[in-house]
Amino acid sequence: MLLVVATGLFFGFWMDPVSAAVWTCGMLCIHAVIIRNCIRFLSESPSLTATRKWRTRFVLLDLLYGLC
């Protein structure tokens with residue numbers, strides 16, 4: 001999260017501060033969704049079908065995080 005905030009700050013000095021703030025808020029929201037999903041995953045009982053479902057979710061969330 002510190003890396004996202006630092007990148008947003010430097011981007012705000014270099015380019016438009018509003019778009020940097022929007023990007024930073026978006027990245028922090030995606031990060032919060034990933035953390036919430038991690039907590040939900042750890043609270044479930046382990047099973048093979050649930051693990052496959054969660055693996056797909058985490059891959060999609062990671063791709064979303066990488067695209068922004």
# chains A, B, ... in the order shown; residues from 1 in each chain; ligands from 1

$ residues_around --residues "region 38-45 of chain A" --least-positions-apart "3" --cutoff "8 Å" --atoms "only C-alpha atoms" --output "PyMOL selection string"
chain A and resi 34-35+54

$ residues_around --residues "Val22 (chain A)" --least-positions-apart "4" --cutoff "12 Å" --atoms "only C-alpha atoms" --output "list in words"
Val4, Val5, Gly8, Leu9, Phe11, Gly12, Asp16, Pro17, Val18, Gly26, Met27, Leu28, Cys29 and Cys68 of chain A

$ write_last_selection --atoms "all heavy atoms" --output "tab-separated table (two decimals), in the first residue's frame"
chain	number	residue	atom	x	y	z
A	4	VAL	N	1.87	2.08	-3.50
A	4	VAL	CA	0.78	2.70	-4.27
A	4	VAL	C	0.65	4.17	-3.91
A	4	VAL	O	0.52	5.03	-4.79
A	4	VAL	CB	-0.55	1.94	-4.03
A	4	VAL	CG1	-1.73	2.71	-4.60
A	4	VAL	CG2	-0.48	0.55	-4.63
A	5	VAL	N	0.69	4.47	-2.62
A	5	VAL	CA	0.56	5.87	-2.17
A	5	VAL	C	1.75	6.69	-2.65
A	5	VAL	O	1.58	7.82	-3.14
A	5	VAL	CB	0.40	5.93	-0.64
A	5	VAL	CG1	0.46	7.36	-0.15
A	5	VAL	CG2	-0.91	5.27	-0.22
A	8	GLY	N	1.40	7.30	-6.34
A	8	GLY	CA	0.36	8.30	-6.56
A	8	GLY	C	0.83	9.71	-6.24
A	8	GLY	O	0.50	10.66	-6.95
A	9	LEU	N	1.60	9.85	-5.18
A	9	LEU	CA	2.14	11.17	-4.83
A	9	LEU	C	3.09	11.68	-5.91
A	9	LEU	O	3.00	12.84	-6.34
A	9	LEU	CB	2.88	11.09	-3.50
A	9	LEU	CG	2.04	11.35	-2.25
A	9	LEU	CD1	2.83	11.01	-1.01
A	9	LEU	CD2	1.62	12.79	-2.22
A	11	PHE	N	3.28	10.73	-9.01
A	11	PHE	CA	2.51	10.95	-10.22
A	11	PHE	C	1.74	12.27	-10.13
A	11	PHE	O	1.60	12.99	-11.10
A	11	PHE	CB	1.56	9.78	-10.46
A	11	PHE	CG	0.73	9.89	-11.70
A	11	PHE	CD1	1.33	9.97	-12.95
A	11	PHE	CD2	-0.65	9.87	-11.64
A	11	PHE	CE1	0.57	10.06	-14.10
A	11	PHE	CE2	-1.42	9.95	-12.78
A	11	PHE	CZ	-0.81	10.06	-14.01
A	12	GLY	N	1.26	12.60	-8.94
A	12	GLY	CA	0.54	13.85	-8.73
A	12	GLY	C	1.43	15.07	-8.91
A	12	GLY	O	0.98	16.12	-9.39
A	16	ASP	N	-1.26	15.39	-13.62
A	16	ASP	CA	-2.47	15.97	-13.03
A	16	ASP	C	-2.75	15.35	-11.66
A	16	ASP	O	-2.88	14.12	-11.54
A	16	ASP	CB	-3.64	15.71	-13.97
A	16	ASP	CG	-4.94	16.30	-13.48
A	16	ASP	OD1	-4.90	17.36	-12.84
A	16	ASP	OD2	-5.99	15.69	-13.74
A	17	PRO	N	-2.85	16.16	-10.60
A	17	PRO	CA	-3.10	15.60	-9.26
A	17	PRO	C	-4.44	14.90	-9.12
A	17	PRO	O	-4.56	13.94	-8.36
A	17	PRO	CB	-3.03	16.81	-8.34
A	17	PRO	CG	-2.36	17.88	-9.11
A	17	PRO	CD	-2.59	17.58	-10.55
A	18	VAL	N	-5.44	15.34	-9.85
A	18	VAL	CA	-6.77	14.72	-9.74
A	18	VAL	C	-6.73	13.29	-10.28
A	18	VAL	O	-7.24	12.36	-9.64
A	18	VAL	CB	-7.84	15.57	-10.46
A	18	VAL	CG1	-9.17	14.86	-10.48
A	18	VAL	CG2	-7.95	16.93	-9.81
A	26	GLY	N	-8.44	4.16	-6.55
A	26	GLY	CA	-8.85	2.93	-7.22
A	26	GLY	C	-7.97	1.75	-6.84
A	26	GLY	O	-8.45	0.64	-6.56
A	27	MET	N	-6.66	1.96	-6.82
A	27	MET	CA	-5.73	0.89	-6.45
A	27	MET	C	-5.94	0.47	-4.99
A	27	MET	O	-5.89	-0.72	-4.67
A	27	MET	CB	-4.30	1.35	-6.67
A	27	MET	CG	-3.94	1.52	-8.12
A	27	MET	SD	-4.09	0.03	-9.10
A	27	MET	CE	-2.68	-0.87	-8.54
A	28	LEU	N	-6.16	1.42	-4.10
A	28	LEU	CA	-6.39	1.09	-2.69
A	28	LEU	C	-7.71	0.33	-2.50
A	28	LEU	O	-7.80	-0.56	-1.66
A	28	LEU	CB	-6.34	2.34	-1.82
A	28	LEU	CG	-4.96	2.99	-1.71
A	28	LEU	CD1	-5.06	4.30	-0.93
A	28	LEU	CD2	-3.95	2.06	-1.07
A	29	CYS	N	-8.72	0.68	-3.29
A	29	CYS	CA	-9.99	-0.06	-3.23
A	29	CYS	C	-9.81	-1.50	-3.71
A	29	CYS	O	-10.34	-2.43	-3.09
A	29	CYS	CB	-11.05	0.65	-4.05
A	29	CYS	SG	-11.65	2.18	-3.32
A	68	CYS	N	-4.43	-1.95	-13.69
A	68	CYS	CA	-4.56	-0.55	-13.28
A	68	CYS	C	-3.20	0.01	-13.06
A	68	CYS	O	-2.64	0.87	-13.21
A	68	CYS	CB	-5.36	-0.44	-11.99
A	68	CYS	SG	-7.07	-0.92	-12.21

$ residues_around --residues "Gly66 (chain A)" --least-positions-apart "3" --cutoff "12 Å" --atoms "only C-alpha atoms" --output "mmCIF file with all heavy atoms, in the first residue's frame"
data_model
loop_
_atom_site.group_PDB
_atom_site.id
_atom_site.type_symbol
_atom_site.label_atom_id
_atom_site.label_comp_id
_atom_site.auth_asym_id
_atom_site.auth_seq_id
_atom_site.Cartn_x
_atom_site.Cartn_y
_atom_site.Cartn_z
ATOM 1 N N VAL A 4 1.873 2.079 -3.503
ATOM 2 C CA VAL A 4 0.783 2.696 -4.273
ATOM 3 C C VAL A 4 0.647 4.166 -3.905
ATOM 4 O O VAL A 4 0.522 5.032 -4.785
ATOM 5 C CB VAL A 4 -0.547 1.938 -4.033
ATOM 6 C CG1 VAL A 4 -1.726 2.709 -4.601
ATOM 7 C CG2 VAL A 4 -0.480 0.551 -4.629
ATOM 8 N N MET A 27 -6.661 1.961 -6.817
ATOM 9 C CA MET A 27 -5.735 0.893 -6.446
ATOM 10 C C MET A 27 -5.939 0.470 -4.987
ATOM 11 O O MET A 27 -5.887 -0.724 -4.668
ATOM 12 C CB MET A 27 -4.298 1.347 -6.670
ATOM 13 C CG MET A 27 -3.940 1.525 -8.123
ATOM 14 S SD MET A 27 -4.091 0.030 -9.097
ATOM 15 C CE MET A 27 -2.679 -0.870 -8.540
ATOM 16 N N ILE A 30 -9.082 -1.681 -4.804
ATOM 17 C CA ILE A 30 -8.821 -3.041 -5.289
ATOM 18 C C ILE A 30 -8.033 -3.824 -4.246
ATOM 19 O O ILE A 30 -8.315 -5.003 -3.986
ATOM 20 C CB ILE A 30 -8.078 -3.000 -6.634
ATOM 21 C CG1 ILE A 30 -8.986 -2.426 -7.716
ATOM 22 C CG2 ILE A 30 -7.596 -4.383 -7.037
ATOM 23 C CD1 ILE A 30 -8.262 -2.119 -9.019
ATOM 24 N N HIS A 31 -7.067 -3.175 -3.617
ATOM 25 C CA HIS A 31 -6.274 -3.836 -2.581
ATOM 26 C C HIS A 31 -7.159 -4.242 -1.395
ATOM 27 O O HIS A 31 -7.003 -5.336 -0.838
ATOM 28 C CB HIS A 31 -5.152 -2.908 -2.122
ATOM 29 C CG HIS A 31 -4.140 -3.568 -1.264
ATOM 30 N ND1 HIS A 31 -3.225 -4.466 -1.757
ATOM 31 C CD2 HIS A 31 -3.893 -3.470 0.062
ATOM 32 C CE1 HIS A 31 -2.457 -4.884 -0.769
ATOM 33 N NE2 HIS A 31 -2.847 -4.296 0.338
ATOM 34 N N VAL A 59 -6.676 -15.080 -9.096
ATOM 35 C CA VAL A 59 -6.011 -14.780 -10.369
ATOM 36 C C VAL A 59 -6.682 -13.588 -11.040
ATOM 37 O O VAL A 59 -6.007 -12.672 -11.533
ATOM 38 C CB VAL A 59 -6.015 -16.021 -11.287
ATOM 39 C CG1 VAL A 59 -5.634 -15.658 -12.703
ATOM 40 C CG2 VAL A 59 -5.082 -17.079 -10.744
ATOM 41 N N LEU A 60 -8.005 -13.556 -11.056
ATOM 42 C CA LEU A 60 -8.716 -12.435 -11.666
ATOM 43 C C LEU A 60 -8.471 -11.127 -10.919
ATOM 44 O O LEU A 60 -8.290 -10.071 -11.534
ATOM 45 C CB LEU A 60 -10.215 -12.745 -11.740
ATOM 46 C CG LEU A 60 -10.613 -13.840 -12.711
ATOM 47 C CD1 LEU A 60 -12.106 -14.138 -12.612
ATOM 48 C CD2 LEU A 60 -10.226 -13.465 -14.124
ATOM 49 N N LEU A 61 -8.448 -11.182 -9.600
ATOM 50 C CA LEU A 61 -8.157 -9.977 -8.825
ATOM 51 C C LEU A 61 -6.733 -9.493 -9.069
ATOM 52 O O LEU A 61 -6.483 -8.287 -9.158
ATOM 53 C CB LEU A 61 -8.392 -10.228 -7.337
ATOM 54 C CG LEU A 61 -9.842 -10.310 -6.887
ATOM 55 C CD1 LEU A 61 -9.929 -10.785 -5.448
ATOM 56 C CD2 LEU A 61 -10.516 -8.954 -7.033
ATOM 57 N N ASP A 62 -5.803 -10.413 -9.188
ATOM 58 C CA ASP A 62 -4.424 -10.034 -9.458
ATOM 59 C C ASP A 62 -4.290 -9.416 -10.842
ATOM 60 O O ASP A 62 -3.555 -8.440 -11.017
ATOM 61 C CB ASP A 62 -3.505 -11.252 -9.313
ATOM 62 C CG ASP A 62 -2.055 -10.870 -9.302
ATOM 63 O OD1 ASP A 62 -1.711 -9.856 -8.665
ATOM 64 O OD2 ASP A 62 -1.252 -11.599 -9.913
ATOM 65 N N LEU A 63 -5.014 -9.956 -11.819
ATOM 66 C CA LEU A 63 -5.005 -9.356 -13.157
ATOM 67 C C LEU A 63 -5.609 -7.955 -13.148
ATOM 68 O O LEU A 63 -5.099 -7.041 -13.797
ATOM 69 C CB LEU A 63 -5.754 -10.248 -14.147
ATOM 70 C CG LEU A 63 -5.039 -11.531 -14.546
ATOM 71 C CD1 LEU A 63 -5.960 -12.392 -15.399
ATOM 72 C CD2 LEU A 63 -3.760 -11.241 -15.274
#
